[in-house]
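Asker: Right, I'll just put the structure down here and ask away after.
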Amino acid sequence: MAALDEEIMLSTVVLGAGPDGLLGVEPTDKADQFLVTDSGRTVVHYKVSDQKPLGSWSVKQGQIITCPAVCSFQTGEYIVVHDNKVLRIWNNEDVNLDKVFKATLSAEVYRIHSIQGTEPVVLFRKGAVRRLEALLAEPQQKIETVISDEEVIKWTKLFMVFKHPVLVFITEKHGNYFAYVQMLNSCTLSKYTLLLGEEKSIIKNFTASVDRKFIYLMSLSSDGCIYESLIPVYPSDTDKNQKVVRSLLLKTVVSGSSQKEVALTVLDQNHVAVLGPPIPASKECLCIWNIKFQTLQTSKELPQGTSGQLWYYGESLFMLHGKYLTVIPYKCEVSSLAGALGKLKHSQDPGTHPIPHFVNWETSQECELGSPNSEQSKRILRRRKSEVSLKPEVPASSQLLLAIKKDSEKHIELELRKLLAVKQTPDLCTIIGDVVAGLVARCREEPAFYPRNCLLQLVQTHVLSYSLCPGLMEIALEKADVQMLQLCLQQFPDIPESVTCTCLKVFLSIGDDDLRKIDVNMESVVDCNDGVQDEKMEEQTGIVQNGFSPEADGCHSCDSDSREKARGAVQETSACPVIAQRAALLNAVLRSAYSDIFLLPYLKDIPAQHVTVFLQYLYFLYLKCSKNASMTLPGIHPPTLSQIMDWICLLLDANFTVVVMIPEAKRLLMNLYKFVKSQISVYSELNKIEVSFRELQKLNQEKNNRGRYSIEVLELF
């Protein structure tokens with residue numbers, strides 16, 4: 001079970017932190033010593049155990065420090081940047097920062113990272129990355145632009161993976177978030193788009209941990225929940241902007257309505273620390289959560305308030321409590337269910353031990369070799385390594401298939417993200433099909449089990465078809481999951497006509513209020529809110545579009561009453577008869593593949609009222625098409641004119657005798673009749689012109705027989 005000790009105040013002197021708190025707290029090359037940088041002009045060197053500063057340095061009046069000071073673990077020197085471009089390097093013997101080493105850079109610096117095992121790394125505001133030594137060799141070197149002008153870096157972290165430095169930074173642009181992974185040794189940069197899903201919250205804080213394959217990116221959102229995204233350390237395609245989804249890790253750890261700043265940091269593989277008010281109008285607290293067992297381990301109230309900043313190194317949590325820098329020691333036991341529930345039985349020695357932030361097992365094992373029994377340790381280490389190498393690694397697909405049989409939805413989603421993050425193989429289609437089949441089989445065995453997020457991710461891989469997973473749409477129809485059905489209609493090329501018609505019935509039967517709550521893909525939807533403007537245009541102009549005007553009824557002796565009725569018909573059909581969400585679902589049906597012979601019998605089972613609504617929507621789409629010279633609809637992948645006309649014919653063929661008896665459909669049928677009549681007239685005129693065009697074509701073929709100059713008279717009858 002996690003425990004927080006009594007807080008330690010490093011100094012009784014108020015820090016000049018400013019309104020934005022501290023710029024940062026960074027470790028040095030000596031244990032128990034840290035560099036603290038305020039948001040003004042000062043860097044202070046502290047030793048925690050002595051609770052006093054060992055040194056302090058400030059830049060001149062008028063200058064301002066713009067990124068936290070760090071310590072180079074290779075040289076023991078301190079590095080800081082002030083005024084965005086001026087880099088300073090000094091050591092403990094230096095007193096005046098104005099007299100230490102200075103380098104003026106050509107671009108603005110966002111952050112300098114320094115960790116054990118590598119030299120310091122400089123991240124510029126536009127996303128470029130340089131090692132410190134290479135930068136100091138030519139300070140005025142040209143720095144490239146990696147991110148767009150409107151992108152802003154929000155968070156960054158440097159890791160060591162297999163003794164290779166890996167830099168991760170997150171950017172934000174218009175509410176969209178992107179993750180960049182820079183492999184410093186191979187100089188490869190990968191970009192990922194973070195898909196936030198249905199949650200429209202703002203991300204307030206990031207933290208991350210890493211293993212040999214994945215970067216576990218955690219985010220604390222404005223809704224008070226913690227989400228996790230899985231990013232591969234070694235991407236399958238560095239040139240492609242890949243997408244990663246996020247899943248819910250912990251629900252409502254802080255108040256979503258609070259205006260105070262919140263912070264999040266990962267402590268180990270099972271614990272995270274959260275800083276913020278747990279409920280609205282409450283005081284801020286430091287809480288330790290067990291993410292493995294979803295339990296709150298311990299908390300500490302901070303009545304003087306904080307700056308919403310939190311740092312964690314070794315065994316200590318750093319924060320501003322009031323206006324004073326405070327250190328809270330943290331200890332944790334081995335994670336177990338009994339300990340997470342507070343029911344672990346303790347002896348006189350509780351057996352607690354500190355868990356370091358990130359454990360490098362290779363380094364810790366190598367350090368043990370300096371003991372008197374180093375030769376024996378080497379033999380043990382070699383034997384362990386050989387045992388590990390001989391043990392076959394279970395493929396991600398096999399782990400996922402095993403998890404599907406008994407594990408929770410959250411664990412299945414985690415294993416699925418691991419599978420989708422690895423490089424695609426030729427048998428991916430078969431693997432995805434097996435995964436879907438396993439999920440569908442468990443859905444049938446356990447009616448309460450429905451891993452919707454997993455199924456949506458699998459459909460979006462674009463490798464599935466109806467024949468590969470026929471049970472998927474059946475489950476979605478049982479659950480009335482219209483978002484899943486829409487996605488399947490857009491992705492699957494071989495859906496049977498019976499299933500297509502069943503989807504159509506579901507789309508037409510759901511109420512408007514329920515549909516407005518559902519998140520569906522709206523890319524293909526025509527603007528359904530411009531009916532008033534269309535009415536005014538129709539009243540002001542009498543232009544015949546595509547040879548068809550609803551006002552013309554084929555009779556030249558129409559009286560004023562008939563014209564008024566026709567004008568009313570125009571006003572009725574110019575407004576979209578369905579809401580935008582239903583229009584998006586109907587468009588998915590219109591664009592699906594079918595055979596009219598097999599589809600026609602199933603259309604007869606649709607209720608007459610639903611047929612009328614569908615016909616009204618199809619007629620609305622036709623009017624939209626007729627306004628464009630290209631005879632196409634706006635939007636991404638909208639229905640084509642041919643698809644609209646085919647569905648009108650199919651619906652009338654299947655249901656005409658029923659629809660004609662409905663009073664509400666009378667005006668619609670009259671408009672369709674006038675439309676067909678006008679089209680026949682247009683095609684008749686086109687047939688007449690066709691004869692003349694043929695004659696012109698014959699004359700063009702005889703062009704070689706003419707002289708260099710001639711006068712020809714063509715008579716068209």
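Here's how to read the names in the structure tokens: chain A, B, ... by the order shown, residue numbers from 1 in each chain, ligand numbers from 1 in the order shown.
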Skipping near chain neighbours, those fewer than 3 positions away, what residues fall within 12 Å of A:Leu472 using only C-alpha atoms, listed as an MDAnalysis selection string?

Answerer: chainID A and resid 433:444 450:452 454:456 458:459 464:469 475:479 481 484:485 487:489 492 495 499

Asker: Next, dump the selected residues to file, keeping only C-alpha atoms, as a PDB file, in the first residue's frame.

Answerer:
ATOM      1  CA  GLY A 433     -10.975 -11.760 -38.458  1.00  0.00           C
ATOM      2  CA  ASP A 434     -10.144 -14.248 -35.687  1.00  0.00           C
ATOM      3  CA  VAL A 435     -10.187 -11.469 -33.090  1.00  0.00           C
ATOM      4  CA  VAL A 436     -13.609 -10.225 -34.234  1.00  0.00           C
ATOM      5  CA  ALA A 437     -14.957 -13.768 -34.289  1.00  0.00           C
ATOM      6  CA  GLY A 438     -13.745 -14.306 -30.733  1.00  0.00           C
ATOM      7  CA  LEU A 439     -15.325 -11.061 -29.518  1.00  0.00           C
ATOM      8  CA  VAL A 440     -18.635 -11.846 -31.244  1.00  0.00           C
ATOM      9  CA  ALA A 441     -18.682 -15.364 -29.768  1.00  0.00           C
ATOM     10  CA  ARG A 442     -18.213 -13.995 -26.272  1.00  0.00           C
ATOM     11  CA  CYS A 443     -20.916 -11.361 -26.897  1.00  0.00           C
ATOM     12  CA  ARG A 444     -23.359 -14.173 -27.641  1.00  0.00           C
ATOM     13  CA  TYR A 450     -20.110  -5.669 -25.646  1.00  0.00           C
ATOM     14  CA  PRO A 451     -16.587  -4.253 -26.249  1.00  0.00           C
ATOM     15  CA  ARG A 452     -17.770  -1.468 -28.517  1.00  0.00           C
ATOM     16  CA  CYS A 454     -12.533  -2.614 -29.590  1.00  0.00           C
ATOM     17  CA  LEU A 455     -14.956  -3.489 -32.389  1.00  0.00           C
ATOM     18  CA  LEU A 456     -14.892   0.066 -33.763  1.00  0.00           C
ATOM     19  CA  LEU A 458     -11.104  -3.339 -35.659  1.00  0.00           C
ATOM     20  CA  VAL A 459     -13.567  -2.174 -38.324  1.00  0.00           C
ATOM     21  CA  LEU A 464     -12.605  -6.712 -42.689  1.00  0.00           C
ATOM     22  CA  SER A 465     -15.596  -7.736 -44.782  1.00  0.00           C
ATOM     23  CA  TYR A 466     -19.057  -9.093 -43.986  1.00  0.00           C
ATOM     24  CA  SER A 467     -18.132 -12.619 -45.044  1.00  0.00           C
ATOM     25  CA  LEU A 468     -15.118 -12.549 -42.702  1.00  0.00           C
ATOM     26  CA  CYS A 469     -17.225 -11.612 -39.646  1.00  0.00           C
ATOM     27  CA  ILE A 475     -24.723  -8.089 -32.751  1.00  0.00           C
ATOM     28  CA  ALA A 476     -24.755  -4.402 -33.727  1.00  0.00           C
ATOM     29  CA  LEU A 477     -28.362  -4.717 -34.910  1.00  0.00           C
ATOM     30  CA  GLU A 478     -29.364  -6.359 -31.638  1.00  0.00           C
ATOM     31  CA  LYS A 479     -27.730  -3.519 -29.698  1.00  0.00           C
ATOM     32  CA  ASP A 481     -25.573   0.462 -32.416  1.00  0.00           C
ATOM     33  CA  MET A 484     -21.203   0.605 -35.748  1.00  0.00           C
ATOM     34  CA  LEU A 485     -23.744  -0.142 -38.491  1.00  0.00           C
ATOM     35  CA  LEU A 487     -19.158   2.184 -40.213  1.00  0.00           C
ATOM     36  CA  CYS A 488     -19.805  -1.360 -41.466  1.00  0.00           C
ATOM     37  CA  LEU A 489     -21.928  -0.077 -44.359  1.00  0.00           C
ATOM     38  CA  PHE A 492     -17.822  -3.742 -46.008  1.00  0.00           C
ATOM     39  CA  ILE A 495     -23.195  -6.940 -47.139  1.00  0.00           C
ATOM     40  CA  VAL A 499     -28.929  -6.937 -43.736  1.00  0.00           C
TER      41      VAL A 499
END

Asker: Got a sec: who's within 9 Å of A:Gln581, counting only C-alpha atoms, leaving out chain neighbours fewer than 6 positions off, as a ChimeraX atom specification?

Answerer: /A:512,515-516,518-522,525

Asker: Go through stretch 407-517 of chain A residue by residue and, counting only C-alpha atoms, keep those with an atom at most 10 Å from stretch 244-261 of chain A; for each kept residue give the shortest atom pair and its distance in Å to one decimal, ordered by chain and increasing number, as a tab-separated table.

Answerer:
residue	atom	partner	partner_atom	distance
A:Lys410	CA	A:Ser247	CA	7.9
A:Glu413	CA	A:Ser247	CA	7.7
A:Leu414	CA	A:Ser247	CA	8.1
A:Arg417	CA	A:Val245	CA	8.0
A:Leu420	CA	A:Val244	CA	9.2
A:Ala421	CA	A:Val244	CA	8.1
A:Asn453	CA	A:Ser247	CA	8.7
A:Gln457	CA	A:Val245	CA	8.5

Asker: Would you compute the distance between atom CA of A:Cys67 and atom CA of A:Leu35? Give it in Å to one decimal.

Answerer: 12.2 Å
